[in-house]
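J.: Below is the structure I would like to discuss, written out as structure tokens.
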Amino acid sequence: MRLIFCFFILINLSSCQHTTNKNNLNAILAYINSNVKQNKFDIRIYNPPSPPESKENLAHGGNIKHDSIIAKLEPLHLYISDSIQFDKNFLYKNRDSIKGFSFLKGVINSKKQSIFLNLNILKNGKNIVIEPIGTDKFFELYPDIRFNNNYGGMLSFKNLFVSKDGNKAYFEVIYFKHRLNAQKSAIYAEFKNNIWVFKSRMISIS
């Protein structure tokens with residue numbers, strides 16, 4: 001009887017751990033859902049700004065093109081890494097601390113090298129297609145796809161850390177379009193009123 005009791009405890013613990021790990025990814029999936037929009041990644045939908053020598057008001061430069069023109073564009077293909085990577089020794093620099101994220105302290109030693117991110121559960125946005133891909137595979141394809149009209153770049157994620165109650169998360173997002181067109185940001189996520197709210201801090205840009 002004692003063995004059966006212990007067996008059920010182990011099953012329950014295993015189930016709780018699985019749920020926790022699954023929920024830990026919710027912040028990133030919510031971030032993708034709220035940020036992967038055509039107007040954030042598709043430069044084809046914007047009119048270029050007027051040249052400096054133009055007498056026109058430069059403030060209106062970059063306006064969105066007419067809907068009839070946008071409708072004729074091929075869907076933008078945005079590649080997203082299918083795994084979250086971790087620095088072996090992650091050093092959180094507390095220069096721009098945000099209240100409530102005190103679980104990020106000093107050096108955090110990660111036992112994980114990566115976590116699989118199931119992107120197949122996400123729906124494609126309007127006029128944008130999500131392409132799950134491994135990082136190595138993406139850079140194999142990059143020389144052939146970089147000049148395609150529907151190429152939108154790649155998003156990847158690093159260093160996901162979640163508070164014990166699961167309501168706050170920190171992670172880093174890297175957007176790569178070209179060798180000299182990339183940026184890395186720190187994302188502070190908080191679950192409030194049944195939705196994830198995000199604050200972003202720039203780490204680097206090129």
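Please note that chains go A, B, ... in the order of the structure tokens, that every chain numbers its residues from 1, and that ligands are numbered from 1 in the order shown.
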As a PyMOL selection string, list the residues of region 75-130 of chain A assigned to strand (DSSP E) by DSSP on the backbone atoms of this structure.

T.: chain A and resi 76-85+89-91+107-109+114-116+128-130

J.: So, with only C-alpha atoms as the atoms that count, which of A:Pro75, A:Gly166, A:Gly125, A:Gly100 lies closest to Asn148 (chain A)?

T.: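 Between A:Pro75, A:Gly166, A:Gly125, A:Gly100, the residue approaching Asn148 (chain A) most closely is A:Pro75.
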
J.: Ranking A:Ala30, A:Ile115, A:Ile121, A:Val129 by minimum distance to Glu74 (chain A) and counting only C-alpha atoms, which one comes first?

T.: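 Selected residue with least distance to Glu74 (chain A): A:Val129.
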
J.: Could you give me, as a JSON list (two decimals) with C-alpha atoms, in the first residue's frame, the residues within 7 Å of region 177-189 of chain A, counting only C-alpha atoms and dropping anything in the same chain fewer than 6 positions from it?

T.:
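As a result, result07.json now contains:
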```
[["chain", "number", "residue", "atom", "x", "y", "z"],
["A", 27, "ALA", "CA", 5.23, 34.62, -21.70],
["A", 152, "GLY", "CA", 11.19, 39.32, -42.94],
["A", 153, "GLY", "CA", 14.16, 38.28, -40.81],
["A", 154, "MET", "CA", 14.47, 36.01, -37.79],
["A", 168, "LYS", "CA", 6.76, 37.47, -14.01],
["A", 169, "ALA", "CA", 9.31, 36.50, -16.62],
["A", 170, "TYR", "CA", 12.50, 37.88, -18.07],
["A", 171, "PHE", "CA", 13.89, 36.92, -21.45],
["A", 196, "TRP", "CA", 0.87, 39.40, -20.32],
["A", 197, "VAL", "CA", 2.21, 42.95, -20.23],
["A", 198, "PHE", "CA", 5.68, 43.63, -21.65],
["A", 199, "LYS", "CA", 8.34, 46.25, -21.05],
["A", 200, "SER", "CA", 11.33, 46.32, -23.36],
["A", 201, "ARG", "CA", 14.87, 47.61, -22.76],
["A", 202, "MET", "CA", 17.35, 47.83, -25.62],
["A", 203, "ILE", "CA", 20.59, 45.89, -25.09],
["A", 204, "SER", "CA", 22.33, 46.38, -28.43],
["A", 205, "ILE", "CA", 21.67, 47.44, -32.03],
["A", 206, "SER", "CA", 23.65, 47.18, -35.24]]
```

J.: What is the distance, in Å and to one decimal place, between CA of Glu131 (chain A) and CA of Leu119 (chain A)?

T.: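 CA of Leu119 (chain A) lies at a distance of 8.5 Å from CA of Glu131 (chain A).
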
J.: Any idea what's packed within 12 Å of Leu117 (chain A), counting only C-alpha atoms, ignoring anything in its chain fewer than 5 positions away? Could you give it as a list in words?

T.: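 What passes the distance filter is Asn21, Lys22, Asn23, Asn24, Leu25, Asn26, Ala27, Ile28, Leu29, Ile32, Ile80, Ser81, Asp82, Ser83, Ile84, Gln85, Leu122, Pro132, Ile133, Gly134, Ser156, Phe157, Lys158 and Leu160 of chain A.
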
J.: Those selected residues, please, written with N, CA and C atoms and delivered as a PDB file, in the first residue's frame.

T.:
```
ATOM      1  N   ASN A  21       6.669  23.815 -16.388  1.00  0.00           N
ATOM      2  CA  ASN A  21       7.551  24.064 -17.534  1.00  0.00           C
ATOM      3  C   ASN A  21       6.766  24.591 -18.731  1.00  0.00           C
ATOM      4  N   LYS A  22       5.580  24.026 -18.939  1.00  0.00           N
ATOM      5  CA  LYS A  22       4.756  24.480 -20.057  1.00  0.00           C
ATOM      6  C   LYS A  22       4.339  25.931 -19.848  1.00  0.00           C
ATOM      7  N   ASN A  23       3.916  26.267 -18.624  1.00  0.00           N
ATOM      8  CA  ASN A  23       3.478  27.627 -18.339  1.00  0.00           C
ATOM      9  C   ASN A  23       4.622  28.629 -18.439  1.00  0.00           C
ATOM     10  N   ASN A  24       5.820  28.179 -18.159  1.00  0.00           N
ATOM     11  CA  ASN A  24       6.974  29.068 -18.235  1.00  0.00           C
ATOM     12  C   ASN A  24       7.166  29.629 -19.638  1.00  0.00           C
ATOM     13  N   LEU A  25       6.694  28.911 -20.634  1.00  0.00           N
ATOM     14  CA  LEU A  25       6.852  29.355 -22.019  1.00  0.00           C
ATOM     15  C   LEU A  25       5.735  30.293 -22.450  1.00  0.00           C
ATOM     16  N   ASN A  26       4.700  30.416 -21.640  1.00  0.00           N
ATOM     17  CA  ASN A  26       3.541  31.225 -22.036  1.00  0.00           C
ATOM     18  C   ASN A  26       3.908  32.681 -22.294  1.00  0.00           C
ATOM     19  N   ALA A  27       4.855  33.214 -21.524  1.00  0.00           N
ATOM     20  CA  ALA A  27       5.234  34.619 -21.704  1.00  0.00           C
ATOM     21  C   ALA A  27       5.809  34.850 -23.092  1.00  0.00           C
ATOM     22  N   ILE A  28       6.661  33.944 -23.550  1.00  0.00           N
ATOM     23  CA  ILE A  28       7.260  34.104 -24.883  1.00  0.00           C
ATOM     24  C   ILE A  28       6.212  33.908 -25.972  1.00  0.00           C
ATOM     25  N   LEU A  29       5.355  32.908 -25.811  1.00  0.00           N
ATOM     26  CA  LEU A  29       4.308  32.685 -26.817  1.00  0.00           C
ATOM     27  C   LEU A  29       3.360  33.884 -26.886  1.00  0.00           C
ATOM     28  N   ILE A  32       5.099  36.699 -28.772  1.00  0.00           N
ATOM     29  CA  ILE A  32       5.038  36.494 -30.227  1.00  0.00           C
ATOM     30  C   ILE A  32       3.658  36.871 -30.750  1.00  0.00           C
ATOM     31  N   ILE A  80      11.288  32.159 -36.928  1.00  0.00           N
ATOM     32  CA  ILE A  80      11.404  32.213 -35.476  1.00  0.00           C
ATOM     33  C   ILE A  80      12.089  30.943 -34.993  1.00  0.00           C
ATOM     34  N   SER A  81      13.120  31.112 -34.188  1.00  0.00           N
ATOM     35  CA  SER A  81      13.863  29.961 -33.683  1.00  0.00           C
ATOM     36  C   SER A  81      12.961  29.063 -32.846  1.00  0.00           C
ATOM     37  N   ASP A  82      13.089  27.765 -33.043  1.00  0.00           N
ATOM     38  CA  ASP A  82      12.227  26.817 -32.334  1.00  0.00           C
ATOM     39  C   ASP A  82      12.824  26.347 -31.007  1.00  0.00           C
ATOM     40  N   SER A  83      13.837  27.068 -30.517  1.00  0.00           N
ATOM     41  CA  SER A  83      14.376  26.736 -29.199  1.00  0.00           C
ATOM     42  C   SER A  83      14.852  27.999 -28.499  1.00  0.00           C
ATOM     43  N   ILE A  84      14.764  27.980 -27.176  1.00  0.00           N
ATOM     44  CA  ILE A  84      15.250  29.088 -26.355  1.00  0.00           C
ATOM     45  C   ILE A  84      16.644  28.711 -25.864  1.00  0.00           C
ATOM     46  N   GLN A  85      17.618  29.561 -26.118  1.00  0.00           N
ATOM     47  CA  GLN A  85      18.994  29.285 -25.729  1.00  0.00           C
ATOM     48  C   GLN A  85      19.315  29.934 -24.382  1.00  0.00           C
ATOM     49  N   LEU A 122       0.874  28.343 -32.724  1.00  0.00           N
ATOM     50  CA  LEU A 122       0.577  29.739 -33.015  1.00  0.00           C
ATOM     51  C   LEU A 122      -0.083  29.867 -34.385  1.00  0.00           C
ATOM     52  N   PRO A 132       8.821  28.303 -38.172  1.00  0.00           N
ATOM     53  CA  PRO A 132       9.681  27.746 -37.121  1.00  0.00           C
ATOM     54  C   PRO A 132      10.938  27.147 -37.756  1.00  0.00           C
ATOM     55  N   ILE A 133      12.081  27.373 -37.126  1.00  0.00           N
ATOM     56  CA  ILE A 133      13.330  26.911 -37.737  1.00  0.00           C
ATOM     57  C   ILE A 133      14.433  26.864 -36.689  1.00  0.00           C
ATOM     58  N   GLY A 134      15.376  25.966 -36.870  1.00  0.00           N
ATOM     59  CA  GLY A 134      16.565  25.947 -36.034  1.00  0.00           C
ATOM     60  C   GLY A 134      17.523  27.037 -36.484  1.00  0.00           C
ATOM     61  N   SER A 156      14.812  35.245 -32.357  1.00  0.00           N
ATOM     62  CA  SER A 156      15.244  34.159 -31.482  1.00  0.00           C
ATOM     63  C   SER A 156      15.223  34.648 -30.042  1.00  0.00           C
ATOM     64  N   PHE A 157      15.184  33.702 -29.108  1.00  0.00           N
ATOM     65  CA  PHE A 157      15.006  34.030 -27.700  1.00  0.00           C
ATOM     66  C   PHE A 157      16.102  33.396 -26.851  1.00  0.00           C
ATOM     67  N   LYS A 158      16.495  34.132 -25.788  1.00  0.00           N
ATOM     68  CA  LYS A 158      17.539  33.649 -24.888  1.00  0.00           C
ATOM     69  C   LYS A 158      17.155  33.922 -23.438  1.00  0.00           C
ATOM     70  N   LEU A 160      15.502  32.706 -20.580  1.00  0.00           N
ATOM     71  CA  LEU A 160      14.173  32.836 -19.992  1.00  0.00           C
ATOM     72  C   LEU A 160      14.238  32.473 -18.507  1.00  0.00           C
TER      73      LEU A 160
END
```

J.: For the helix (DSSP H, G or I) assignment from backbone DSSP, which residues of region 108-205 of chain A qualify? Please present them as a ChimeraX atom specification.

T.: /A:135-145

J.: Could you write out the selected residues, including N, CA and C atoms, as a PDB file, in the first residue's frame?

T.:
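As written to disk, out_35.pdb reads:
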```pdb
ATOM      1  N   THR A 135      18.302  27.568 -35.551  1.00  0.00           N
ATOM      2  CA  THR A 135      19.207  28.673 -35.875  1.00  0.00           C
ATOM      3  C   THR A 135      20.219  28.279 -36.940  1.00  0.00           C
ATOM      4  N   ASP A 136      20.814  27.099 -36.811  1.00  0.00           N
ATOM      5  CA  ASP A 136      21.813  26.657 -37.797  1.00  0.00           C
ATOM      6  C   ASP A 136      21.182  26.534 -39.184  1.00  0.00           C
ATOM      7  N   LYS A 137      19.969  25.982 -39.229  1.00  0.00           N
ATOM      8  CA  LYS A 137      19.285  25.819 -40.508  1.00  0.00           C
ATOM      9  C   LYS A 137      18.980  27.174 -41.146  1.00  0.00           C
ATOM     10  N   PHE A 138      18.581  28.149 -40.308  1.00  0.00           N
ATOM     11  CA  PHE A 138      18.281  29.474 -40.844  1.00  0.00           C
ATOM     12  C   PHE A 138      19.500  30.071 -41.536  1.00  0.00           C
ATOM     13  N   PHE A 139      20.661  30.004 -40.903  1.00  0.00           N
ATOM     14  CA  PHE A 139      21.847  30.619 -41.498  1.00  0.00           C
ATOM     15  C   PHE A 139      22.375  29.829 -42.695  1.00  0.00           C
ATOM     16  N   GLU A 140      21.961  28.575 -42.816  1.00  0.00           N
ATOM     17  CA  GLU A 140      22.238  27.844 -44.059  1.00  0.00           C
ATOM     18  C   GLU A 140      21.403  28.411 -45.200  1.00  0.00           C
ATOM     19  N   LEU A 141      20.141  28.752 -44.900  1.00  0.00           N
ATOM     20  CA  LEU A 141      19.224  29.273 -45.919  1.00  0.00           C
ATOM     21  C   LEU A 141      19.443  30.754 -46.208  1.00  0.00           C
ATOM     22  N   TYR A 142      19.990  31.474 -45.238  1.00  0.00           N
ATOM     23  CA  TYR A 142      20.071  32.931 -45.315  1.00  0.00           C
ATOM     24  C   TYR A 142      20.650  33.464 -46.630  1.00  0.00           C
ATOM     25  N   PRO A 143      21.758  32.932 -47.138  1.00  0.00           N
ATOM     26  CA  PRO A 143      22.291  33.490 -48.393  1.00  0.00           C
ATOM     27  C   PRO A 143      21.310  33.427 -49.558  1.00  0.00           C
ATOM     28  N   ASP A 144      20.405  32.443 -49.540  1.00  0.00           N
ATOM     29  CA  ASP A 144      19.451  32.278 -50.642  1.00  0.00           C
ATOM     30  C   ASP A 144      18.155  33.058 -50.430  1.00  0.00           C
ATOM     31  N   ILE A 145      17.784  33.332 -49.172  1.00  0.00           N
ATOM     32  CA  ILE A 145      16.482  33.962 -48.913  1.00  0.00           C
ATOM     33  C   ILE A 145      16.583  35.449 -48.611  1.00  0.00           C
TER      34      ILE A 145
END
```

J.: What does the structure give for the distance between CA of Asn167 (chain A) and CA of Glu190 (chain A), in Å to one decimal?

T.: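 About the pair CA of Asn167 (chain A) and CA of Glu190 (chain A): they are 5.7 Å apart.
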
J.: Excluding same-chain residues fewer than 3 positions from region 62-70 of chain A, what lies within 6 Å of it counting only C-alpha atoms, as a VMD selection string?

T.: chain A and resid 45 to 49 73

J.: For the selection just defined, write its residues with C-alpha atoms to a file, as a compact mmCIF listing (two decimals), in the first residue's frame.

T.:
```
# COMPACT_ATOMS: atom_id res chain seq x y z
CA ILE A 45 4.06 48.46 -46.58
CA TYR A 46 5.62 51.88 -45.93
CA ASN A 47 6.28 54.69 -48.34
CA PRO A 48 9.91 55.83 -48.20
CA PRO A 49 10.52 59.27 -46.65
CA LEU A 73 2.10 41.74 -51.58
```
